[in-house]
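Data block below; observations after.
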Amino acid sequence: MQAFQKGVFYQIYPRSFNDSNGDGIGDIPGIIQKLDYLASLGVNYVWLSPVYASPNVDYGYDISDYLSINPEYGTMADMEKLIKEGKKRGIYFIMDLVMNHTSSEHAWFKASLDPDSPYRDYYYHRPGRGKKLPNNWTSFFGGKAWSQNPDGTYYLHLFAPNQPDLNWDHPNMYEEFKKIIRFWLDKGIKGFRCDVVNVMSKKTLVDGRPRLILKGLEHYHSTPKNHEILRRIRKEIIEPYGAFLVGETVMVDTKLANDLLGEGDSKELDMLFSFEHMDADQFLVKWFKRSFKPNKFSKILTKWQQSIPWNAIYLENHDQPRSVSRYGSNHYHKESAKMLSTLLLTLKGSPFIYQGQEIGMMNVDYKSIDDYKDVETKNIWALSKKLLFPRFYRWRMIKNVSRDNARSPMQWDAKGGFSTGTPWLRINHNQKKINVETQTEDGNSILSYYKRLIKIRNQYDVFVEGVFKPVYQRRGLFVYTRETQNMKVLIILNMTSKYKKYSYNLDGEILLRNYPPIEMKRLRPYEALIIEVPHD
Ligand code: ISL
Ligand code: CA
C-alpha cells in the first residue's frame, strides 16, 4: 500500500470554488480560506484543475506558461502559502499537468511560427495537400484538427485551435517537461493529474480511417512511444520524489488500463480515470444521451473493480454533468445523493469528490445559451446548427451534457457566497436549498452524511484493502462486499426510485444508512446501507 491509497481526494475547479476579492473569479486565497472546511470534510488530497498562466480559451487547459500562476488566481507566493497551509491540516495537493498541448499564446508556439526557429518542431506544422488539410483528422471538440498559420501552413490541434499539440518526438520535449515537473515537486506538490495522457505521442500523420468521431485516433491512441515516455517520466522524475501520477486516459479498456498502470520497471501511472462507466448512458458520443441503466452501470464498475488492482473512482468532474442529476433524482435528491456517495466511497480505489458533489449540487438551470461559457459547449451548439438538428434537441443536448453543469460557482450559503461581485459564470438558483452553510448545521444533510462516510472509510481498513466481490446486480440493485481477513462489509444500494423487494440477513452491525431504521423485506427509493457482516 502506498500512503495516498488511504486518502480521500477532492477536486477543485479553482475558477468556481471561492472568490476572495470580489472580481467574480475564484482564486487561490479563496481556496486557503476554505482549507478548514476541507479538513472538516475529511479530505487528504486536493487535485487542483490548472492554475497556470492561461488565456482561458479552455479555462486553464490552454497553458501559456507552466511555471507561473494565472494572475486572476493569485501569485506564486499565494500558491506556496496554499501548499504550506494545506500541509498544516494534513491536506496535500496534486496539480494538473497538460503535456499534450499548450496554449497558442505559449512562447514556444509563438516562436515556432517562424520556420527557422529552433522551436519550429516543438509542434506539428505542415503544409497543406494542395487545397486540402495535411490529413483528415478531427478534433475532440468537433471540427477539423488543423488550423492555418499566417504563412499558409497548418498546425495540429486535437482540441481547440488555441491548443496546438506538442511534438513528443522532439528531443527537447522530455527535458522541458522534466524541468516543469521538478519545479512543482520542489514546491511540495505530491503528484499530478495528467491530462489526456495516452494521446501524446503520434505515430504518423497519415489519414485516419473513416470514423464518426475522432478520425485519426488509431495513429495516436496509446502508442508504444507514449508508454515509453510515461515509463521514463515515472522512473526518472516522479519516483525519486516519492510522488504519484493519476492519468486521465481516454478510450481505454481494462487491458489497456493495466498496461498503463504497469508493474515494476514498466510502471507508468499509479491510477487512472477511465470513462467506460461514464459512457454507460450515451449513444456513440456523449451528446446523444440514452436513459440511465443502473444494471449496465454497475456491471461496468464491477468489471473494472475485478480487473484493475487500484483505480481512481469518480462519478463527477469538471467535464461531466452532476451525478445527482444524471444518476439520481430531483424528487429524492437527498436520498439519491447519499446513495451515490456510498457507492463512491466504498468501491476499491481512491475516491475523488468533485467540488459541490458533497452537498448534492445539480446541473445548472440556465435559460439561454448565452449563460454558457465553455468552448466545447459553444462549438457543439454551432456544429449541431450546421447539421440542422432541431433547436429543441440542441438545447436538450446542451442542458444535459454541457461541461458548465459542473462549473457553476460553488454554493457556500443561501445567497451563494461564492463572490461579493458578479460571478464569471452564473450561479445555479437552487442555492437557498443546496448550500454548505445550511447543510453544515443539519445533521441529516448530504454533507453530514459525507463526513460520516469518510470517517468510516478512515476507521476500517476494509474499505481500503478489502477485496471487492459482487453479490447481486439486477433490478437496479447493486450489492457487493469488501472483505479482509478481519472484517467483511456488505454494501446494499438501490439505484432506482422504486421500492424493491430484497431480503438480507441482519446479523451484523449497520455502519451507515441513508434512511431511518430498517425495513427488512424491501429497499426504499435510493436506499443505501453499509453493514458489517460475519465472515462466512
Ligand atoms: O469532455 C470531453 C469532450 O467531449 C472529454 O472528451 C474531454 O475532452 C477529455 O476527457 C479530455 O479532457 C481534458 O482535456 C481537455 C480539457 O478541455 C478537459 O477539461 C480536460 O479534462 C483538453 O485539455
Ligand atoms: Ca478573485
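Every chain in the C-alpha cells takes a letter, A first, then B, and so on in the order presented; its residues are numbered from 1, and the ligands are numbered from 1 following the presented order.
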Filtered DSSP result for segment 217-295 of chain A, state helix (DSSP H, G or I), as a ChimeraX atom specification: /A:217-219,224-241,254-261,264-266,278-281,294-295
Residue neighbourhood segment 295-298 of chain A, 6 Å, only C-alpha atoms, exclusion window fewer than 6 positions, as a PyMOL selection string: chain A and resi 277+280+474+476
Let me see the file: selected residues, N, CA and C atoms, as a PDB file, in the first residue's frame.
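Result saved to result.pdb:
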ATOM      1  N   HIS A 277     -17.613   3.679 -17.490  1.00  0.00           N
ATOM      2  CA  HIS A 277     -18.865   3.850 -16.715  1.00  0.00           C
ATOM      3  C   HIS A 277     -19.552   5.173 -17.064  1.00  0.00           C
ATOM      4  N   ALA A 280     -21.869   4.889 -20.081  1.00  0.00           N
ATOM      5  CA  ALA A 280     -22.986   3.935 -19.981  1.00  0.00           C
ATOM      6  C   ALA A 280     -24.328   4.556 -20.367  1.00  0.00           C
ATOM      7  N   ARG A 474     -29.013  -6.835 -10.133  1.00  0.00           N
ATOM      8  CA  ARG A 474     -30.162  -6.879 -11.030  1.00  0.00           C
ATOM      9  C   ARG A 474     -31.238  -5.942 -10.515  1.00  0.00           C
ATOM     10  N   GLY A 476     -31.768  -3.007 -10.837  1.00  0.00           N
ATOM     11  CA  GLY A 476     -31.324  -1.692 -10.363  1.00  0.00           C
ATOM     12  C   GLY A 476     -30.726  -1.720  -8.967  1.00  0.00           C
TER      13      GLY A 476
END
10 Å shell around ligand 1 using only C-alpha atoms and all ligand atoms, listed as a ChimeraX atom specification: /A:49-50,57-63,96-103,139-142,158-160,163,193-197,248-251,273-275,285-287,317-321,374-377,380,401-403
Contacts of segment 491-508 of chain A within 6 Å, only C-alpha atoms, excl. fewer than 5 positions in-chain, as an MDAnalysis selection string: chainID A and resid 476:481 521:530 532:533
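Once segment 151-155 of chain A and its same-chain neighbours fewer than 5 positions away are set aside, Tyr124, His125, Arg126, Pro127 and Trp146 of chain A remain within 6 Å of it when counting only C-alpha atoms.
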Go ahead and dump the residues you just picked, C-alpha atoms, as a PDB file, in the first residue's frame.
ATOM      1  CA  TYR A 124       3.280  19.846 -35.836  1.00  0.00           C
ATOM      2  CA  HIS A 125       3.477  22.448 -38.590  1.00  0.00           C
ATOM      3  CA  ARG A 126       2.757  21.019 -42.021  1.00  0.00           C
ATOM      4  CA  PRO A 127       1.960  22.315 -45.497  1.00  0.00           C
ATOM      5  CA  TRP A 146      -5.813  21.546 -38.237  1.00  0.00           C
TER       6      TRP A 146
END
